[in-house]
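Asker: You'll find protein.csv just under this line, and it carries CSV, C-alpha atoms and all ligand atoms.
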chain,number,residue,atom,x,y,z
A,69,MET,CA,60.5,90.6,39.9
A,70,ALA,CA,60.2,93.7,42.1
A,71,GLU,CA,56.8,92.3,43.1
A,72,LYS,CA,58.4,89.0,44.2
A,73,THR,CA,61.0,90.7,46.3
A,74,ASN,CA,58.3,92.8,47.9
A,75,GLU,CA,56.2,89.6,48.6
A,76,VAL,CA,59.2,88.0,50.4
A,77,ARG,CA,59.8,91.2,52.3
A,78,LEU,CA,56.2,91.5,53.6
A,79,ALA,CA,56.1,87.8,54.5
A,80,PHE,CA,59.4,88.3,56.5
A,81,LEU,CA,58.1,91.3,58.3
A,82,ALA,CA,54.8,89.5,59.2
A,83,ALA,CA,56.8,86.5,60.5
A,84,LEU,CA,59.1,88.7,62.5
A,85,GLU,CA,56.1,90.3,64.2
A,86,GLY,CA,55.0,86.9,65.6
A,87,VAL,CA,58.5,86.0,67.0
A,88,SER,CA,58.7,85.9,70.8
A,89,THR,CA,61.8,83.8,71.6
A,90,VAL,CA,65.5,83.9,70.5
A,91,ASP,CA,65.0,80.3,69.2
A,92,ASP,CA,62.1,81.2,67.0
A,93,LEU,CA,64.1,84.2,65.7
A,94,GLU,CA,66.9,81.8,64.7
A,95,LYS,CA,64.4,79.7,62.8
A,96,ILE,CA,63.2,82.7,60.8
A,97,ARG,CA,66.8,83.7,60.1
A,98,VAL,CA,67.5,80.3,58.5
A,99,GLU,CA,64.2,80.4,56.7
A,100,TYR,CA,64.9,83.7,55.0
A,101,ILE,CA,68.7,84.2,54.7
A,102,GLY,CA,70.0,80.7,55.3
A,103,LYS,CA,71.6,78.7,52.4
A,104,LYS,CA,68.2,77.7,51.1
A,105,GLY,CA,66.2,80.7,52.5
A,106,TYR,CA,63.6,82.6,50.5
A,107,VAL,CA,65.9,85.6,50.0
A,108,THR,CA,68.8,83.4,48.9
A,109,GLU,CA,66.5,81.5,46.5
A,110,LEU,CA,65.4,84.7,44.9
A,111,LEU,CA,69.0,85.2,43.5
A,112,LYS,CA,68.7,81.8,41.7
A,113,GLU,CA,65.9,83.3,39.6
A,114,MET,CA,68.3,85.8,38.1
A,115,LYS,CA,69.5,83.2,35.5
A,116,ALA,CA,66.5,83.9,33.3
A,117,LEU,CA,66.9,87.7,33.3
A,118,SER,CA,68.6,90.0,30.9
A,119,ASN,CA,71.9,91.7,31.9
A,120,GLU,CA,70.1,95.0,32.7
A,121,GLU,CA,67.4,93.3,34.7
A,122,LYS,CA,70.0,91.2,36.6
A,123,LYS,CA,71.6,94.4,37.8
A,124,THR,CA,68.4,96.0,39.2
A,125,PHE,CA,67.1,92.8,40.6
A,126,GLY,CA,70.5,91.9,42.2
A,127,GLN,CA,70.7,95.2,43.9
A,128,ALA,CA,67.1,94.9,45.2
A,129,VAL,CA,67.7,91.4,46.6
A,130,ASN,CA,70.9,92.7,48.4
A,131,VAL,CA,69.0,95.6,49.9
A,132,LEU,CA,66.4,93.1,51.2
A,133,LYS,CA,69.1,90.8,52.5
A,134,ASN,CA,70.7,93.7,54.5
A,135,GLU,CA,67.3,94.7,55.8
A,136,VAL,CA,66.5,91.2,57.0
A,137,ASN,CA,69.9,91.0,58.7
A,138,ASP,CA,69.4,94.4,60.5
A,139,LYS,CA,65.9,93.6,61.6
A,140,ILE,CA,67.0,90.2,63.0
A,141,ALA,CA,69.8,91.8,65.0
A,142,GLU,CA,67.4,94.5,66.3
A,143,LYS,CA,64.9,91.8,67.3
A,144,ARG,CA,67.5,89.7,69.0
A,145,GLU,CA,68.6,92.7,71.2
A,146,GLU,CA,64.9,93.4,72.0
A,147,LEU,CA,64.3,89.7,73.0
A,148,LYS,CA,67.4,89.5,75.2
A,149,LYS,CA,66.4,92.7,77.0
A,150,LYS,CA,62.9,91.2,77.6
A,151,GLU,CA,64.5,87.9,78.9
A,152,ILE,CA,66.6,89.8,81.4
A,153,GLU,CA,63.6,91.9,82.6
A,154,LEU,CA,61.6,88.7,83.0
A,155,GLU,CA,64.5,87.1,85.0
A,156,ASN,CA,64.7,90.1,87.3
A,157,SER,CA,61.0,90.1,87.9
A,158,ARG,CA,61.2,86.5,89.1
A,159,MET,CA,63.8,87.4,91.7
A,160,PRO,CA,62.3,87.2,95.2
A,161,GLU,CA,61.9,90.5,96.8
A,162,PHE,CA,64.0,91.4,99.8
A,163,ASP,CA,61.7,91.4,102.8
A,164,VAL,CA,63.3,93.3,105.7
A,165,SER,CA,60.7,92.0,108.1
A,166,LEU,CA,61.9,88.4,107.8
A,167,PRO,CA,64.0,87.0,110.7
A,168,ALA,CA,67.8,87.0,110.0
A,169,ASN,CA,69.2,83.8,108.5
A,170,LEU,CA,71.0,82.2,111.4
A,171,GLU,CA,72.7,79.5,109.4
A,172,ARG,CA,76.2,80.9,109.7
A,173,GLY,CA,79.6,79.6,108.7
A,174,SER,CA,82.0,77.8,110.9
A,175,TYR,CA,85.7,78.2,111.7
A,176,HIS,CA,88.0,76.2,109.5
A,177,PRO,CA,89.8,73.4,111.4
A,178,ILE,CA,93.2,75.0,110.7
A,179,THR,CA,92.0,78.3,112.1
A,180,LEU,CA,90.8,76.5,115.2
A,181,VAL,CA,94.1,74.7,115.8
A,182,GLN,CA,96.1,77.9,114.9
A,183,ARG,CA,94.1,79.9,117.5
A,184,GLN,CA,94.6,77.2,120.1
A,185,CYS,CA,98.4,77.2,119.5
A,186,GLU,CA,98.5,81.0,119.6
A,187,ASP,CA,96.7,80.9,123.0
A,188,ILE,CA,99.1,78.3,124.4
A,189,PHE,CA,102.2,80.3,123.3
A,190,LYS,CA,100.7,83.6,124.4
A,191,SER,CA,100.1,82.2,127.9
A,192,MET,CA,103.9,81.4,127.9
A,193,GLY,CA,104.9,85.0,127.0
A,194,PHE,CA,105.2,84.7,123.2
A,195,THR,CA,104.0,87.4,120.9
A,196,VAL,CA,102.1,86.5,117.7
A,197,GLU,CA,103.5,88.1,114.5
A,198,ASP,CA,101.9,88.4,111.1
A,199,TYR,CA,104.0,88.2,108.0
A,200,SER,CA,103.6,88.5,104.2
A,201,GLU,CA,103.1,85.6,101.9
A,202,ILE,CA,105.2,87.2,99.1
A,203,VAL,CA,108.8,87.5,100.3
A,204,THR,CA,112.3,88.1,98.9
A,205,ASP,CA,115.0,85.5,98.2
A,206,TYR,CA,117.0,87.0,101.1
A,207,GLU,CA,114.1,86.5,103.6
A,208,CYS,CA,113.3,83.0,102.5
A,209,PHE,CA,116.8,81.6,101.9
A,210,GLU,CA,119.9,83.8,102.1
A,211,SER,CA,119.2,85.2,105.6
A,212,LEU,CA,118.7,81.6,106.7
A,213,ASN,CA,122.1,80.5,105.7
A,214,ILE,CA,120.9,79.1,102.4
A,215,PRO,CA,123.0,80.9,99.7
A,216,LYS,CA,122.2,80.7,96.0
A,217,ASN,CA,122.9,77.3,94.5
A,218,HIS,CA,122.8,75.6,98.0
A,219,PRO,CA,121.3,72.1,97.6
A,220,ALA,CA,118.9,72.7,100.5
A,221,ARG,CA,116.9,74.9,98.0
A,222,ASP,CA,115.9,71.7,96.1
A,223,MET,CA,113.9,70.5,99.1
A,224,GLN,CA,111.4,73.4,98.6
A,225,ASP,CA,110.3,73.6,95.0
A,226,THR,CA,109.6,77.4,94.9
A,227,TYR,CA,107.1,79.5,93.1
A,228,TYR,CA,109.0,82.5,91.8
A,229,LEU,CA,107.3,85.7,90.7
A,230,SER,CA,108.3,87.6,87.6
A,231,ASN,CA,109.7,90.4,89.7
A,232,GLY,CA,112.2,88.1,91.5
A,233,GLN,CA,110.2,87.8,94.7
A,234,LEU,CA,108.6,84.4,95.6
A,235,LEU,CA,105.7,82.8,97.5
A,236,LYS,CA,107.0,81.9,101.0
A,237,THR,CA,107.9,78.2,101.1
A,238,GLN,CA,108.4,78.3,104.9
A,239,THR,CA,107.4,80.5,107.8
A,240,SER,CA,111.2,80.7,108.6
A,241,ALA,CA,111.2,83.5,106.0
A,242,ALA,CA,110.0,85.8,108.8
A,243,GLN,CA,112.9,85.0,111.2
A,244,ASN,CA,115.3,87.7,110.0
A,245,ALA,CA,112.7,90.5,110.3
A,246,ILE,CA,111.6,89.3,113.8
A,247,TYR,CA,115.2,89.3,115.0
A,248,LYS,CA,115.7,92.8,113.6
A,249,LYS,CA,112.4,94.0,115.1
A,250,TYR,CA,113.2,92.8,118.7
A,251,LYS,CA,117.0,92.8,118.8
A,252,ASP,CA,117.3,96.3,120.4
A,253,ALA,CA,115.0,95.3,123.3
A,254,LEU,CA,117.0,92.1,123.7
A,255,ILE,CA,120.4,93.9,123.8
A,256,ASN,CA,119.4,97.0,125.6
A,257,GLU,CA,116.7,95.9,128.0
A,258,GLY,CA,117.5,92.2,128.3
A,259,LYS,CA,114.0,91.2,127.0
A,260,ALA,CA,114.1,87.7,125.5
A,261,ILE,CA,112.8,87.4,122.0
A,262,LYS,CA,109.8,85.1,122.1
A,263,ALA,CA,107.6,85.1,119.0
A,264,ILE,CA,105.5,82.8,117.0
A,265,PHE,CA,104.4,83.5,113.4
A,266,PRO,CA,101.8,81.4,111.7
A,267,GLY,CA,101.4,81.6,108.0
A,268,ARG,CA,100.5,80.0,104.7
A,269,CYS,CA,103.3,78.4,102.7
A,270,PHE,CA,103.5,77.4,99.0
A,271,ARG,CA,105.5,74.6,97.4
A,272,ASN,CA,105.2,73.2,93.9
A,273,GLU,CA,104.8,69.6,95.3
A,274,ALA,CA,102.9,66.6,94.1
A,275,THR,CA,100.0,66.2,96.5
A,276,ASP,CA,99.1,63.1,98.4
A,277,ALA,CA,97.3,62.3,101.7
A,278,CYS,CA,99.8,64.2,103.8
A,279,HIS,CA,101.2,66.8,101.2
A,280,GLU,CA,99.6,69.9,99.8
A,281,ASN,CA,101.0,72.6,97.6
A,282,THR,CA,99.5,75.2,99.9
A,283,PHE,CA,99.6,74.5,103.6
A,284,PHE,CA,100.1,76.3,107.0
A,285,GLN,CA,103.0,76.3,109.3
A,286,MET,CA,103.6,78.1,112.6
A,287,GLU,CA,107.2,79.2,113.3
A,288,GLY,CA,108.4,79.9,116.8
A,289,VAL,CA,111.7,81.4,118.0
A,290,MET,CA,113.1,82.2,121.4
A,291,VAL,CA,116.5,84.0,121.8
A,292,ASP,CA,118.1,85.0,125.0
A,293,LYS,CA,121.3,84.3,127.0
A,294,ASN,CA,121.8,80.6,127.8
A,295,ILE,CA,118.9,79.1,125.8
A,296,SER,CA,119.5,75.4,125.3
A,297,ILE,CA,117.9,72.3,123.8
A,298,SER,CA,116.2,71.7,127.1
A,299,ASN,CA,114.2,74.9,126.7
A,300,LEU,CA,113.3,73.8,123.2
A,301,ILE,CA,112.1,70.4,124.4
A,302,PHE,CA,110.1,71.9,127.2
A,303,PHE,CA,108.1,74.2,124.9
A,304,MET,CA,107.5,71.5,122.3
A,305,LYS,CA,106.2,69.1,125.0
A,306,THR,CA,104.0,71.7,126.6
A,307,MET,CA,102.5,72.7,123.2
A,308,LEU,CA,101.7,69.1,122.2
A,309,SER,CA,100.2,68.1,125.5
A,310,GLU,CA,98.0,71.2,125.6
A,311,VAL,CA,96.8,70.7,122.0
A,312,PHE,CA,96.0,67.1,122.3
A,313,GLN,CA,95.1,67.0,126.0
A,314,LYS,CA,96.5,63.6,126.2
A,315,ASP,CA,99.9,61.9,126.1
A,316,ILE,CA,101.2,61.6,122.6
A,317,LYS,CA,104.1,59.4,121.5
A,318,VAL,CA,106.8,61.6,119.9
A,319,ARG,CA,110.3,60.9,118.6
A,320,LEU,CA,113.2,63.3,118.1
A,321,ARG,CA,115.7,62.4,115.4
A,322,PRO,CA,118.5,64.4,113.8
A,323,GLY,CA,117.3,66.6,110.9
A,324,PHE,CA,119.3,68.9,108.6
A,325,PHE,CA,118.2,72.5,108.1
A,326,PRO,CA,121.0,75.0,107.3
A,327,PHE,CA,119.5,77.5,109.7
A,328,VAL,CA,119.7,75.4,112.8
A,329,GLU,CA,122.6,73.5,114.4
A,330,PRO,CA,121.9,71.0,115.8
A,331,GLY,CA,118.7,70.3,113.9
A,332,PHE,CA,115.9,67.8,114.7
A,333,GLU,CA,112.9,66.3,113.2
A,334,LEU,CA,110.1,66.0,115.7
A,335,ASP,CA,107.6,63.3,114.6
A,336,ILE,CA,104.4,62.2,116.3
A,337,SER,CA,102.9,58.7,116.2
A,338,CYS,CA,100.2,58.8,113.6
A,339,LEU,CA,96.8,59.3,115.3
A,340,ILE,CA,94.9,58.2,112.3
A,341,CYS,CA,96.2,54.6,112.4
A,342,GLY,CA,97.6,54.5,116.0
A,343,GLY,CA,101.1,54.0,114.6
A,344,GLU,CA,100.2,50.9,112.5
A,345,GLY,CA,100.9,52.7,109.2
A,346,CYS,CA,98.4,54.2,106.7
A,347,PRO,CA,98.3,56.6,103.7
A,348,SER,CA,98.1,59.6,106.1
A,349,CYS,CA,101.5,58.8,107.5
A,350,LYS,CA,103.0,57.2,104.3
A,351,HIS,CA,102.7,53.8,106.0
A,352,SER,CA,105.5,54.6,108.4
A,353,GLY,CA,103.3,55.0,111.6
A,354,TRP,CA,105.0,58.4,112.2
A,355,LEU,CA,104.2,61.9,110.9
A,356,GLU,CA,106.8,64.6,110.5
A,357,LEU,CA,105.2,67.5,112.4
A,358,CYS,CA,107.6,70.0,113.8
A,359,PRO,CA,111.3,70.3,112.8
A,360,CYS,CA,113.3,72.4,115.1
A,361,GLY,CA,116.8,73.1,116.4
A,362,MET,CA,119.2,75.6,117.9
A,363,ILE,CA,119.4,78.8,115.7
A,364,HIS,CA,122.6,78.8,113.6
A,365,PRO,CA,125.1,81.5,114.6
A,366,GLU,CA,125.1,82.8,111.0
A,367,VAL,CA,121.3,83.3,111.2
A,368,LEU,CA,121.6,85.3,114.4
A,369,LYS,CA,124.4,87.4,112.9
A,370,ALA,CA,122.2,88.2,109.9
A,371,GLY,CA,119.5,89.4,112.3
A,372,GLY,CA,122.0,91.7,114.1
A,373,ILE,CA,122.4,89.5,117.2
A,374,ASP,CA,125.8,88.4,118.5
A,375,PRO,CA,125.9,84.6,118.6
A,376,GLU,CA,128.8,84.7,121.1
A,377,GLU,CA,126.4,86.3,123.6
A,378,TYR,CA,123.0,84.9,122.7
A,379,THR,CA,121.5,81.6,121.7
A,380,GLY,CA,118.1,80.5,120.7
A,381,PHE,CA,115.8,77.8,119.4
A,382,ALA,CA,113.5,77.8,116.4
A,383,PHE,CA,110.7,75.4,115.3
A,384,GLY,CA,108.5,75.1,112.2
A,385,LEU,CA,105.3,73.4,113.2
A,386,GLY,CA,103.2,71.9,110.4
A,387,LEU,CA,99.8,73.4,111.4
A,388,THR,CA,97.9,71.7,108.6
A,389,ARG,CA,99.2,68.3,109.7
A,390,LEU,CA,98.5,69.2,113.3
A,391,ALA,CA,94.8,69.9,112.3
A,392,MET,CA,94.7,66.5,110.5
A,393,MET,CA,95.9,64.7,113.6
A,394,LYS,CA,93.8,66.6,116.1
A,395,TYR,CA,90.6,66.2,114.1
A,396,GLY,CA,91.3,62.8,112.5
A,397,VAL,CA,91.2,64.1,108.9
A,398,LYS,CA,92.7,61.3,106.9
A,399,ASP,CA,93.5,63.2,103.8
A,400,ILE,CA,95.2,66.6,104.0
A,401,ARG,CA,93.5,67.6,100.7
A,402,ASP,CA,90.1,67.7,102.3
A,403,LEU,CA,91.2,70.7,104.3
A,404,ASN,CA,91.6,72.8,101.2
A,405,SER,CA,88.6,71.3,99.4
A,406,GLY,CA,85.9,73.6,100.6
A,407,LYS,CA,83.8,70.5,101.4
A,408,LEU,CA,81.5,71.9,104.1
A,409,GLU,CA,80.3,68.5,105.3
A,410,CYS,CA,83.9,67.8,106.2
A,411,LEU,CA,84.9,71.3,107.4
A,412,ASP,CA,82.0,72.5,109.5
A,413,GLN,CA,81.8,69.6,111.9
A,414,PHE,CA,84.6,70.6,114.3
A,415,THR,CA,83.1,73.5,116.1
A,416,ASP,CA,79.8,74.8,117.5
A,417,ASP,CA,81.5,78.2,117.8
A,418,LYS,CA,80.0,79.7,114.7
B,501,LIG,C1,110.7,73.7,107.2
B,501,LIG,O1,109.9,74.2,106.5
B,501,LIG,C2,111.6,74.4,108.1
B,501,LIG,N1,111.4,75.8,107.9
B,501,LIG,C3,111.1,74.1,109.6
B,501,LIG,C4,112.1,74.5,110.6
B,501,LIG,C5,111.9,75.8,111.3
B,501,LIG,C6,113.2,73.7,110.9
B,501,LIG,C7,112.8,76.2,112.3
B,501,LIG,C8,114.1,74.2,111.9
B,501,LIG,C9,113.8,75.4,112.6
B,501,LIG,P1,109.9,71.3,106.5
B,501,LIG,O2,110.1,71.5,105.0
B,501,LIG,O3,110.2,69.9,107.0
B,501,LIG,O4,110.8,72.3,107.2
B,501,LIG,O5,108.4,71.7,106.9
B,501,LIG,C10,108.0,71.8,108.2
B,501,LIG,C11,106.7,71.1,108.5
B,501,LIG,O6,105.7,71.6,107.6
B,501,LIG,C12,106.7,69.6,108.1
B,501,LIG,O7,107.2,68.8,109.2
B,501,LIG,C13,105.3,69.3,107.8
B,501,LIG,O8,104.5,69.2,109.1
B,501,LIG,C14,104.8,70.6,107.2
B,501,LIG,N2,104.9,70.5,105.7
B,501,LIG,C15,106.0,70.6,104.9
B,501,LIG,N3,105.6,70.4,103.6
B,501,LIG,C16,104.3,70.2,103.6
B,501,LIG,C17,103.4,69.9,102.6
B,501,LIG,N4,103.7,69.9,101.3
B,501,LIG,N5,102.1,69.7,103.0
B,501,LIG,C18,101.7,69.8,104.3
B,501,LIG,N6,102.6,70.1,105.3
B,501,LIG,C19,103.8,70.2,105.0
Would you write the structure of this file as structure tokens?
Ligand code: FA5
Answerer:
Amino acid sequence: MAEKTNEVRLAFLAALEGVSTVDDLEKIRVEYIGKKGYVTELLKEMKALSNEEKKTFGQAVNVLKNEVNDKIAEKREELKKKEIELENSRMPEFDVSLPANLERGSYHPITLVQRQCEDIFKSMGFTVEDYSEIVTDYECFESLNIPKNHPARDMQDTYYLSNGQLLKTQTSAAQNAIYKKYKDALINEGKAIKAIFPGRCFRNEATDACHENTFFQMEGVMVDKNISISNLIFFMKTMLSEVFQKDIKVRLRPGFFPFVEPGFELDISCLICGGEGCPSCKHSGWLELCPCGMIHPEVLKAGGIDPEEYTGFAFGLGLTRLAMMKYGVKDIRDLNSGKLECLDQFTDDK
């Protein structure tokens, strides 16, 4: 019997020698230690042996089985290493003498429209502020006159983090910090607060042609003595005519936001369908673009500004929707899609 075991062992070692791929190795494994493999079959021959012989033979077969297992594992490592070396040797070498690849990326349409808006507002004396995407409940809601359990919170399905902070649902979340940053200059030096703050917002919303769960807004505020709705309308009109470089049909209607009083919805006639109605404007012919209003006295107070002395306006422009309208993108989801054939056609400025 010892002879038989040795025969199988030598045959296995010879077969292993000739293996050059992981697939072949697997075949050999099945051939020798699979259910019907040569080593497994050896055990079946034990039936005819005496008890003493069974013990010795059983041990010898187990030793062989372990050896086959170890050798297969060793070979598998060796073959994998070889495969990686082969793969690496096929990689093209880096040739520093080749000309640079001039195929460069392009600006995203939202970046383009954001920069354009920033330039327009900067030319009118506004500063551009940056703000974090993770904010506190106070910044996003309480400082904006939206206390806990206020029904207005339902309008913005919020992503809360486990530490109690949240992903900003609206750029209005930066208002309180901006008032606090500039209030001393307003009060002591008479410098009006004029700031815009673009940023990414997050809401757990069902998406459609004009709704995304991740989108951009651009907030704007102006606070000084005697600021009125006429100032608000002037800045909104200037911005839209500069962005579109043509007359755009707009409508102003009452809108409720706890942080402005009075509040308005500013809609533009849908530029995709010319106001006829289409999926991009939910078949209404109008697109909600830039809600706005006069800053609520409680919000000014929370920012350390006396509402008896100062007034101001605020607006929350939907930048992603503005990009849709400006570039004729029918479905807002294309803007987050990473589809280059859609995204890189709007600028030569690469
Ligand atoms: C707000 O977020 C208020 N913070 C705006 C505001 C600021 C009002 C200052 C008054 C004063 P609203 O939820 O309507 O409001 O969003 C503002 C704009 O963001 C919308 O008109 C729309 O253009 C855009 N917007 C809102 N939700 C989405 C969405 N899911 N996908 C794409 N754009 C959106």
Asker: Closest to ligand LIG 501 (chain B) among A:Asp315, A:Glu344, A:Glu273, A:Asp412, using all atoms listed in the file?
Answerer: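 Selected residue with least distance to ligand LIG 501 (chain B): A:Glu273.
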Asker: Got a sec to check which residues lie within 8 Å of ligand LIG 501 (chain B), using only C-alpha atoms and all ligand atoms, and send them as number ranges by chain?
Answerer: A: 223-224, 237-241, 270-271, 273-275, 278-285, 287-289, 325, 327-328, 331-335, 355-363, 381-390, 400
Asker: What lies within 12 Å of Glu85 of chain A using only C-alpha atoms, ignoring chain neighbours under 6 positions off, as a JSON list (two decimals) with C-alpha atoms, in the coordinates of the input?
Answerer:
[["chain", "number", "residue", "atom", "x", "y", "z"],
["A", 78, "LEU", "CA", 56.20, 91.50, 53.60],
["A", 79, "ALA", "CA", 56.10, 87.80, 54.50],
["A", 92, "ASP", "CA", 62.10, 81.20, 67.00],
["A", 93, "LEU", "CA", 64.10, 84.20, 65.70],
["A", 96, "ILE", "CA", 63.20, 82.70, 60.80],
["A", 139, "LYS", "CA", 65.90, 93.60, 61.60],
["A", 140, "ILE", "CA", 67.00, 90.20, 63.00],
["A", 143, "LYS", "CA", 64.90, 91.80, 67.30]]
Asker: Quick one: pull the distance between atom CA of Tyr228 of chain A and atom CA of Asp198 of chain A, Å, one decimal.
Answerer: 21.4 Å
Asker: Compile the contact shell of segment 247-260 of chain A as an mmCIF file with C-alpha atoms, keeping the file's coordinate frame: residues with an atom at most 10 Å away, counting only C-alpha atoms, same-chain residues fewer than 5 positions apart removed.
Answerer:
data_model
loop_
_atom_site.group_PDB
_atom_site.id
_atom_site.type_symbol
_atom_site.label_atom_id
_atom_site.label_comp_id
_atom_site.auth_asym_id
_atom_site.auth_seq_id
_atom_site.Cartn_x
_atom_site.Cartn_y
_atom_site.Cartn_z
ATOM 1 C CA GLY A 193 104.900 85.000 127.000
ATOM 2 C CA PHE A 194 105.200 84.700 123.200
ATOM 3 C CA ALA A 242 110.000 85.800 108.800
ATOM 4 C CA VAL A 289 111.700 81.400 118.000
ATOM 5 C CA MET A 290 113.100 82.200 121.400
ATOM 6 C CA VAL A 291 116.500 84.000 121.800
ATOM 7 C CA ASP A 292 118.100 85.000 125.000
ATOM 8 C CA LYS A 293 121.300 84.300 127.000
ATOM 9 C CA ILE A 295 118.900 79.100 125.800
ATOM 10 C CA VAL A 367 121.300 83.300 111.200
ATOM 11 C CA LEU A 368 121.600 85.300 114.400
ATOM 12 C CA LYS A 369 124.400 87.400 112.900
ATOM 13 C CA ALA A 370 122.200 88.200 109.900
ATOM 14 C CA GLY A 371 119.500 89.400 112.300
ATOM 15 C CA GLY A 372 122.000 91.700 114.100
ATOM 16 C CA ILE A 373 122.400 89.500 117.200
ATOM 17 C CA ASP A 374 125.800 88.400 118.500
ATOM 18 C CA GLU A 377 126.400 86.300 123.600
ATOM 19 C CA TYR A 378 123.000 84.900 122.700
ATOM 20 C CA GLY A 380 118.100 80.500 120.700
#
Asker: Tell me, as an NGL selection string, which residues lie within 7 Å of segment 229-235 of chain A, counting all atoms listed in the file; anything in the same chain fewer than 2 positions away does not count.
Answerer: :A and (201-205 or 227 or 237 or 270)
Asker: In terms of the shortest atom-to-atom distance over all atoms listed in the file, which of A:Arg319, A:Lys262, A:Pro330, A:Thr226 is closest to Trp354 of chain A?
Answerer: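 Ranking A:Arg319, A:Lys262, A:Pro330, A:Thr226 by distance to Trp354 of chain A, first place goes to A:Arg319.
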Asker: In Å to one decimal, how far is atom CA of Arg401 of chain A from atom CA of Arg172 of chain A?
Answerer: 23.6 Å
Asker: Measure the distance from atom CA of Val107 of chain A to atom CA of Lys148 of chain A in Å and round it to one decimal.
Answerer: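 Taking atom CA of Val107 of chain A and atom CA of Lys148 of chain A, their separation equals 25.5 Å.
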Asker: Name the closest residue to Gln243 of chain A among the candidates A:Glu210, A:Glu376, A:Glu121, A:Asp402; distances are taken between atoms, counting all atoms listed in the file.
Answerer: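 For Gln243 of chain A, the nearest of the candidates is A:Glu210.
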Asker: Counting only C-alpha atoms, which residue out of A:Ile152, A:Val164, A:Val311, A:Val98 sits closest to Val136 of chain A?
Answerer: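 With only C-alpha atoms as the atom set, the closest residue is A:Val98.
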Asker: Tell me which protein, DNA and RNA residues are within 10 Å of segment 180-182 of chain A, counting all atoms listed in the file, leaving out same-chain ones fewer than 3 positions away, and put them as a ChimeraX atom specification.
Answerer: /A:174-177,185-188,266-267,284-286,311,387-388,390-392,394-395,414-415,417
